[in-house]
>>> print(open('target.tsv').read())   # TSV, C-alpha atoms
chain	number	residue	atom	x	y	z
A	1	MET	CA	0.00	0.00	0.00
A	2	LYS	CA	1.53	3.28	-1.10
A	3	ARG	CA	0.75	6.65	0.40
A	4	THR	CA	2.38	9.83	-0.83
A	5	PHE	CA	1.69	13.24	0.60
A	6	MET	CA	3.73	16.44	0.83
A	7	PHE	CA	2.43	19.53	2.59
A	8	LYS	CA	2.77	22.79	0.68
A	9	ILE	CA	3.48	25.98	2.67
A	10	ILE	CA	3.55	29.55	1.37
A	11	ILE	CA	5.63	32.25	3.06
A	12	VAL	CA	4.26	35.81	2.99
A	13	GLU	CA	7.16	37.89	4.27
A	14	ASP	CA	8.65	41.09	2.82
A	15	ASP	CA	12.07	40.67	4.44
A	16	LYS	CA	14.02	38.72	1.82
A	17	GLU	CA	16.59	37.36	4.29
A	18	ILE	CA	13.93	36.02	6.66
A	19	ARG	CA	11.79	34.42	3.94
A	20	GLU	CA	14.81	32.73	2.34
A	21	GLU	CA	15.87	31.44	5.75
A	22	LEU	CA	12.36	30.11	6.36
A	23	LYS	CA	12.22	28.53	2.93
A	24	ILE	CA	15.45	26.58	3.47
A	25	LEU	CA	14.36	25.57	6.97
A	26	LEU	CA	11.00	24.24	5.79
A	27	GLU	CA	12.38	22.48	2.72
A	28	ASN	CA	14.94	20.73	4.91
A	29	SER	CA	12.02	19.60	7.08
A	30	GLY	CA	10.29	17.94	4.12
A	31	TYR	CA	7.80	20.59	3.03
A	32	GLU	CA	7.15	22.01	-0.42
A	33	VAL	CA	7.60	25.78	-0.13
A	34	GLN	CA	6.43	28.79	-2.13
A	35	ILE	CA	7.35	32.39	-1.38
A	36	ILE	CA	5.54	35.65	-2.13
A	37	SER	CA	7.74	38.38	-3.57
A	38	ASP	CA	5.04	40.23	-5.56
A	39	PHE	CA	2.76	41.90	-3.04
A	40	GLU	CA	0.53	43.55	-5.65
A	41	HIS	CA	-1.76	40.56	-6.26
A	42	ILE	CA	-1.09	38.65	-3.08
A	43	ILE	CA	-4.57	37.23	-2.41
A	44	GLU	CA	-4.90	35.82	-5.94
A	45	LYS	CA	-1.43	34.29	-5.73
A	46	ILE	CA	-2.14	32.52	-2.44
A	47	ILE	CA	-5.44	31.09	-3.69
A	48	GLU	CA	-3.84	30.03	-6.97
A	49	GLU	CA	-1.08	28.06	-5.23
A	50	GLN	CA	-3.60	25.91	-3.28
A	51	VAL	CA	-1.32	25.59	-0.27
A	52	HIS	CA	-1.89	23.68	2.95
A	53	LEU	CA	-0.62	26.42	5.29
A	54	ILE	CA	0.28	30.13	5.20
A	55	LEU	CA	3.06	31.75	7.22
A	56	LEU	CA	1.98	35.38	7.30
A	57	ASP	CA	3.78	38.52	8.45
A	58	ILE	CA	1.70	41.52	9.57
A	59	ASN	CA	3.84	44.44	8.34
A	60	LEU	CA	3.67	44.10	4.56
A	61	PRO	CA	3.61	46.47	1.56
A	62	ASN	CA	0.20	47.55	0.22
A	63	LYS	CA	-1.89	45.38	2.59
A	64	ASP	CA	-1.12	44.36	6.13
A	65	GLY	CA	-1.33	40.75	7.32
A	66	PHE	CA	-4.64	41.32	9.09
A	67	GLU	CA	-6.35	42.44	5.88
A	68	ILE	CA	-4.85	39.52	3.97
A	69	CYS	CA	-5.99	37.05	6.63
A	70	SER	CA	-9.51	38.43	6.56
A	71	LYS	CA	-9.75	38.20	2.77
A	72	ILE	CA	-8.29	34.69	2.69
A	73	ARG	CA	-10.78	33.57	5.32
A	74	ALA	CA	-13.64	34.77	3.13
A	75	LYS	CA	-12.54	32.25	0.50
A	76	SER	CA	-10.66	29.46	2.27
A	77	LYS	CA	-10.17	27.61	5.57
A	78	VAL	CA	-6.45	27.06	4.94
A	79	PRO	CA	-4.49	27.27	8.23
A	80	ILE	CA	-2.75	30.61	8.85
A	81	ILE	CA	0.12	31.24	11.28
A	82	PHE	CA	1.15	34.83	11.92
A	83	VAL	CA	4.94	35.10	12.20
A	84	THR	CA	5.69	38.68	13.18
A	85	SER	CA	7.92	40.98	15.20
A	86	ARG	CA	4.84	42.69	16.67
A	87	ASN	CA	4.49	41.43	20.23
A	88	ASN	CA	1.41	43.39	21.26
A	89	SER	CA	-1.19	41.12	22.87
A	90	MET	CA	-3.94	43.07	21.10
A	91	ASP	CA	-2.35	42.23	17.74
A	92	GLU	CA	-2.34	38.56	18.66
A	93	LEU	CA	-6.00	38.75	19.71
A	94	LYS	CA	-6.92	40.57	16.50
A	95	GLY	CA	-5.13	37.97	14.41
A	96	ILE	CA	-7.00	35.12	16.07
A	97	MET	CA	-10.33	36.95	15.83
A	98	LEU	CA	-9.80	37.44	12.09
A	99	GLY	CA	-9.29	33.71	11.60
A	100	GLY	CA	-5.60	33.13	12.25
A	101	ASP	CA	-4.78	29.73	13.78
A	102	ASP	CA	-1.57	30.65	15.62
A	103	TYR	CA	0.68	33.64	16.39
A	104	ILE	CA	4.47	33.36	16.69
A	105	GLU	CA	6.75	36.26	17.57
A	106	LYS	CA	10.12	36.97	15.95
A	107	PRO	CA	12.81	36.10	16.62
A	108	TYR	CA	11.21	32.65	16.67
A	109	ASN	CA	12.58	29.52	18.27
A	110	VAL	CA	13.12	27.12	15.33
A	111	PRO	CA	12.11	23.83	17.03
A	112	ILE	CA	8.97	25.47	18.46
A	113	LEU	CA	8.04	26.99	15.09
A	114	LEU	CA	8.45	23.61	13.35
A	115	ALA	CA	6.50	21.83	16.08
A	116	ARG	CA	3.58	24.27	15.80
A	117	ILE	CA	3.54	23.96	12.02
A	118	LYS	CA	3.57	20.16	12.22
A	119	ASN	CA	0.85	20.00	14.87
A	120	LEU	CA	-1.43	22.40	13.01
A	121	LEU	CA	-1.02	20.55	9.72
A	122	ASN	CA	-1.66	17.18	11.35
A	123	ARG	CA	-4.77	18.41	13.15
A	124	THR	CA	-6.14	19.95	9.97
A	125	TYR	CA	-5.31	17.28	7.43
A	126	LEU	CA	-4.97	13.98	9.29
A	127	GLU	CA	-8.45	12.82	8.27
A	128	GLU	CA	-7.75	13.65	4.64
A	129	ARG	CA	-4.41	11.84	4.64
A	130	GLU	CA	-5.79	8.74	6.29
A	131	SER	CA	-8.82	8.61	4.02
A	132	LYS	CA	-6.95	8.35	0.69
A	133	ILE	CA	-5.35	4.99	0.07
A	134	GLU	CA	-3.70	3.57	-3.05
A	135	TYR	CA	-3.30	-0.15	-3.63
A	136	LYS	CA	-2.57	-2.06	-6.86
A	137	GLY	CA	-3.54	0.92	-9.02
A	138	ILE	CA	-6.77	1.47	-7.09
A	139	THR	CA	-7.34	4.79	-5.32
A	140	LEU	CA	-9.84	4.89	-2.49
A	141	GLU	CA	-11.03	8.34	-1.36
A	142	VAL	CA	-13.23	8.04	1.70
A	143	LEU	CA	-14.16	11.72	2.04
A	144	LYS	CA	-15.36	11.79	-1.57
A	145	SER	CA	-16.97	8.33	-1.36
A	146	LYS	CA	-15.36	7.24	-4.60
A	147	ILE	CA	-12.91	4.73	-6.01
A	148	THR	CA	-10.71	5.23	-9.09
A	149	TYR	CA	-9.02	2.69	-11.35
A	150	ASN	CA	-7.47	3.14	-14.81
A	151	LYS	CA	-8.89	6.67	-15.06
A	152	LYS	CA	-12.39	5.37	-14.36
A	153	GLU	CA	-14.20	6.22	-11.15
A	154	ILE	CA	-17.38	5.25	-9.40
A	155	GLU	CA	-19.19	6.59	-6.36
A	156	LEU	CA	-20.04	4.32	-3.44
A	157	THR	CA	-22.54	4.62	-0.64
A	158	LYS	CA	-21.37	5.55	2.84
A	159	THR	CA	-21.58	1.93	4.02
A	160	GLU	CA	-19.86	0.59	0.90
A	161	ILE	CA	-16.92	3.00	1.17
A	162	LYS	CA	-16.61	2.30	4.89
A	163	THR	CA	-16.51	-1.46	4.23
A	164	LEU	CA	-13.89	-1.16	1.51
A	165	HIS	CA	-11.80	1.23	3.61
A	166	TYR	CA	-11.77	-1.27	6.47
A	167	LEU	CA	-10.66	-4.06	4.13
A	168	PHE	CA	-7.96	-1.84	2.57
A	169	LYS	CA	-6.55	-0.93	5.98
A	170	ASN	CA	-6.31	-4.64	6.77
A	171	LYS	CA	-5.08	-5.85	3.38
A	172	ASP	CA	-3.71	-9.40	3.15
A	173	LYS	CA	-5.56	-10.31	6.36
A	174	ILE	CA	-8.68	-12.40	6.61
A	175	ILE	CA	-11.28	-10.25	8.38
A	176	PRO	CA	-14.06	-12.21	10.13
A	177	ARG	CA	-17.58	-11.25	9.08
A	178	ALA	CA	-18.46	-10.45	12.71
A	179	ASP	CA	-15.61	-7.94	12.92
A	180	ILE	CA	-16.81	-6.13	9.80
A	181	ILE	CA	-20.38	-6.03	11.08
A	182	ASP	CA	-19.22	-4.58	14.42
A	183	PHE	CA	-17.13	-1.97	12.60
A	184	LEU	CA	-19.96	-0.92	10.30
A	185	TRP	CA	-22.81	-0.73	12.75
A	186	ASP	CA	-21.08	-0.60	16.15
A	187	ASN	CA	-24.10	-2.18	17.83
A	188	GLU	CA	-26.18	0.94	17.12
A	189	VAL	CA	-28.70	-1.01	15.06
A	190	TYR	CA	-29.35	-4.65	14.56
A	191	ALA	CA	-27.79	-6.01	11.39
A	192	ASP	CA	-27.97	-9.69	10.49
A	193	ASP	CA	-25.32	-11.60	8.59
A	194	ASN	CA	-27.23	-11.16	5.35
A	195	SER	CA	-26.82	-7.37	5.49
A	196	LEU	CA	-23.08	-7.71	5.04
A	197	SER	CA	-23.53	-10.21	2.19
A	198	VAL	CA	-25.70	-7.69	0.36
A	199	ILE	CA	-23.07	-4.94	0.78
A	200	ILE	CA	-20.25	-7.19	-0.47
A	201	THR	CA	-22.32	-8.24	-3.50
A	202	ARG	CA	-23.07	-4.61	-4.39
A	203	LEU	CA	-19.43	-3.66	-3.94
A	204	ARG	CA	-18.27	-6.41	-6.29
A	205	GLU	CA	-20.80	-5.34	-8.92
A	206	LYS	CA	-19.72	-1.69	-8.74
A	207	LEU	CA	-16.03	-2.57	-8.82
A	208	LYS	CA	-16.59	-4.68	-11.91
A	209	GLU	CA	-18.08	-1.65	-13.68
A	210	ILE	CA	-14.66	0.04	-13.67
A	211	GLY	CA	-12.68	-3.11	-14.44
A	212	ILE	CA	-11.83	-4.35	-10.95
A	213	GLU	CA	-12.53	-8.06	-10.53
A	214	ASN	CA	-11.70	-10.54	-7.79
A	215	LEU	CA	-10.51	-7.81	-5.41
A	216	ILE	CA	-12.59	-9.03	-2.48
A	217	GLU	CA	-12.00	-12.70	-1.74
A	218	THR	CA	-14.42	-14.84	0.25
A	219	LYS	CA	-12.74	-17.19	2.70
A	220	ARG	CA	-15.46	-19.72	3.44
A	221	GLY	CA	-16.21	-19.98	7.12
A	222	GLN	CA	-13.68	-17.25	7.92
A	223	GLY	CA	-14.53	-13.93	6.31
A	224	TYR	CA	-13.14	-11.67	3.57
A	225	LYS	CA	-9.78	-10.32	2.44
A	226	ILE	CA	-8.26	-8.24	-0.33
>>> encode(input="target.tsv", output="structure tokens")
Amino acid sequence: MKRTFMFKIIIVEDDKEIREELKILLENSGYEVQIISDFEHIIEKIIEEQVHLILLDINLPNKDGFEICSKIRAKSKVPIIFVTSRNNSMDELKGIMLGGDDYIEKPYNVPILLARIKNLLNRTYLEERESKIEYKGITLEVLKSKITYNKKEIELTKTEIKTLHYLFKNKDKIIPRADIIDFLWDNEVYADDNSLSVIITRLREKLKEIGIENLIETKRGQGYKI
């Protein structure tokens, strides 16, 4: 099972020395990094880059960081960390009230800055990362309730995608039917053994529509595996 994911961070900082230092620091920590050097069309540039996190200074040409944060928040929920030399508690409060997720003062402590970036990214995107799985050319996207294979895709129901996700996470293992039933319904409603059989049958039919056959194996008297 292969999972690939690289977080993309954009640095909005008018001090060239600081932004270059940050860029090197973040790239060495495994992030993809973009920098803003044209402050004329800054909002459009940030949206266009589709980043996972913004490091935002407050004192900037044309627009200050507060105005940028406010305008970004009107269009996106991307995490924003203010990194600034302004140490006024009212500035920090204003930044948070406008939608900023964190506020770090310069000169920053490098390990603390990296830890805050990592924690914020993990909190924000963990579900997304865990919900996209690739296996044998098949891509399973839980949040979108779809599966893709050979450039063909098909949507699944909530129960179908949950079943397949559980099997993918336990690939090469035989999963007892009772374990799958407990996972799907968690004793909230009564579901007999036939309910699972119906779901597996529907899954196999849908998978066949996009060219996936024999993915889900039945192990008689034991359960299922992929």
>>> closest_residue(input="target.tsv", among="A:Val110, A:Leu26, A:Ile133, A:Ile58", to="Asn170 in chain A", atoms="all atoms listed in the file")
A:Ile133
>>> closest_residue(input="target.tsv", among="A:Ile117, A:Ile174, A:Ile35, A:Ile154", to="Leu207 in chain A", atoms="only C-alpha atoms")
A:Ile154
>>> closest_residue(input="target.tsv", among="A:Tyr149, A:Pro176, A:Phe183, A:Leu53", to="Lys162 in chain A", atoms="only C-alpha atoms")
A:Phe183
>>> residues_around(input="target.tsv", residues="range 85-89 of chain A", least_positions_apart="2", cutoff="8 Å", atoms="only C-alpha atoms", output="list in words")
Ile58, Val83, Asp91, Glu92, Leu93, Glu105, Lys106 and Pro107 of chain A
>>> closest_residue(input="target.tsv", among="A:Lys158, A:Asp193, A:Gln222, A:Glu40", to="Asn62 in chain A", atoms="only C-alpha atoms")
A:Glu40
>>> residues_around(input="target.tsv", residues="range 6-9 of chain A", least_positions_apart="6", cutoff="10 Å", atoms="all atoms listed in the file", output="PyMOL selection string")
chain A and resi 23+26-27+30-35+49-55+79-80+117-118+121-122+125
>>> residues_near_point(input="target.tsv", point="(-17.6, 3.9, 6.0)", cutoff="12 Å", atoms="only C-alpha atoms", output="PyMOL selection string")
chain A and resi 131+140-146+156-168+180-181+183-186+199
>>> closest_residue(input="target.tsv", among="A:His41, A:Asp102, A:Gly65, A:Lys206", to="Ala115 in chain A", atoms="only C-alpha atoms")
A:Asp102
>>> closest_residue(input="target.tsv", among="A:Tyr135, A:Ser197, A:Arg116, A:Ile72", to="Leu98 in chain A", atoms="only C-alpha atoms")
A:Ile72
>>> atom_distance(input="target.tsv", atom1="CA of Glu44 in chain A", atom2="CA of Asp57 in chain A")
17.0 Å
>>> atom_distance(input="target.tsv", atom1="CA of Lys152 in chain A", atom2="CA of Val198 in chain A")
23.8 Å
>>> residues_near_point(input="target.tsv", point="(6.1, 36.6, 6.2)", cutoff="8 Å", atoms="only C-alpha atoms", output="list in words")
Ile11, Val12, Glu13, Asp14, Asp15, Ile18, Arg19, Leu55, Leu56, Asp57, Ile58, Phe82, Val83 and Thr84 of chain A
>>> atom_distance(input="target.tsv", atom1="CA of Gly211 in chain A", atom2="CA of Ile138 in chain A")
10.5 Å
>>> axis_aligned_box(input="target.tsv", around="range 143-155 of chain A", padding_each_side="5 Å", output="JSON")
{"center_x": -13.3, "center_y": 7.2, "center_z": -6.5, "size_x": 21.7, "size_y": 19.1, "size_z": 27.1}
>>> residues_around(input="target.tsv", residues="range 67-70 of chain A", least_positions_apart="2", cutoff="7 Å", atoms="all atoms listed in the file", output="compact mmCIF listing (two decimals) with C-alpha atoms, in the coordinates of the input")
# COMPACT_ATOMS: atom_id res chain seq x y z
CA ILE A 43 -4.57 37.23 -2.41
CA LYS A 63 -1.89 45.38 2.59
CA ASP A 64 -1.12 44.36 6.13
CA GLY A 65 -1.33 40.75 7.32
CA ILE A 72 -8.29 34.69 2.69
CA ARG A 73 -10.78 33.57 5.32
CA ALA A 74 -13.64 34.77 3.13
CA LEU A 98 -9.80 37.44 12.09
CA GLY A 99 -9.29 33.71 11.60
CA GLY A 100 -5.60 33.13 12.25
